[in-house]
Amino acid sequence: GGGGECKEIVRDLLDGVQPALSAHDREELRLMRIYSQYALAACGWPMYMYLHPCTAHKVMGCCADQEALSTVGATCCHSNERAFIEQTGVDKGDLLFASMVADVERLHYFVAVDRETKSLVVAIRGTMSFQDMVTDARQKYLPLRENSPHLVPQGYLHSAKRILREVRRNEAIQNFLDIHRDYGIVFSGHSLGGAVGIVATILLTTETTWKRPVKAYAIGPPPTVDKDLA
């Protein structure tokens with residue numbers, strides 16, 4: 001809904017009253033529940049073990065199923081990928097790619113197919129390493145694009161551009177998108193991952209040649225864009 005409707009919902013919540021939700025609001029809540037699982041799953045095996053300590057054996061240990069996965073920088077046990085599959089419930093074949101390389105302005109992320117929502121989900125991990133903290137700290141504001149009046153923190157912008165480059169170069173991802181032209185793209189993430197997902201979404205939606213639906217579902221992102229762009 002519009003800004004007025006949002007204010008009414010906030011006022012009802014503060015007053016302890018169940019707000020009246022439109023059909024659109026209910027659908028957004030349903031989608032948020034789905035995509036929030038991807039944001040959690042992007043945190044890998046540490047988050048899975050915290051949420052599901054009694055079933056940690058499913059994702060830890062090299063004795064588990066070692067089916068090949070398209071991953072960059074994974075450990076021999078593929079624990080992060082297995083945790084992602086368990087947390088989201090996606091089929092192994094629908095995890096198209098995962099990048100486990102942690103570096104400054106280079107985040108962990110997963111690319112998976114969500115059949116229920118007909119979307120390709122790019123789930124980006126939030127701050128979990130020293131390199132991630134350096135990325136967070138790179139707050140120099142840079143133009144979103146060359147000659148753009150809009151500004152974005154350097155760490156978020158460079159991370160988003162890297163992910164988009166890698167996704168576009170990935171053969172499995174591009175083959176899937178070529179076949180499934182009715183699928184949109186959704187970026188999901190918490191904290192740093194949410195901020196980078198927002199920037200990636202803005203970069204795609206402002207491309208004149210981009211025709212596919214794209215959205216971001218961010219949980220607790222830091223301030224991400226300048227006031228005018230927000």
# chains A, B, ... in the order shown; residues from 1 in each chain; ligands from 1
>>> residues_around(residues="range 38-41 of chain A", least_positions_apart="4", cutoff="12 Å", atoms="only C-alpha atoms", output="PyMOL selection string")
chain A and resi 31-34+45-52+79-90+95+98+108-114+120-127+186-195+197+216-221
>>> residues_around(residues="Tyr183 in chain A", least_positions_apart="5", cutoff="9 Å", atoms="only C-alpha atoms", output="PyMOL selection string")
chain A and resi 117-120+177+212-213
>>> select_by_dssp(residues="range 154-202 of chain A", states="alpha helix (DSSP H)", output="VMD selection string")
chain A and resid 154 to 169 171 to 179 192 to 202
>>> select_by_dssp(residues="chain A", states="strand (DSSP E or B)", output="ChimeraX atom specification")
/A:71-72,95-99,103,106,109-114,119-124,141-143,151-153,184-190,214-219
>>> atom_distance(atom1="CA of Arg106 in chain A", atom2="CA of Arg162 in chain A")
7.1 Å
>>> atom_distance(atom1="CA of Lys140 in chain A", atom2="CA of His158 in chain A")
11.4 Å
>>> atom_distance(atom1="CA of Pro143 in chain A", atom2="CA of Gly155 in chain A")
12.3 Å
>>> residues_around(residues="Leu142 in chain A", least_positions_apart="5", cutoff="7 Å", atoms="only C-alpha atoms", output="compact mmCIF listing (two decimals) with C-alpha atoms, in the first residue's frame")
# COMPACT_ATOMS: atom_id res chain seq x y z
CA LEU A 151 25.40 7.86 -4.30
CA VAL A 152 26.01 4.46 -2.67
CA PRO A 153 28.67 3.35 -0.14
CA GLN A 154 31.72 1.88 -1.89
>>> residues_around(residues="Val72 in chain A", least_positions_apart="4", cutoff="7 Å", atoms="only C-alpha atoms", output="JSON, numbers by chain")
{"A": [98, 99, 100, 101]}
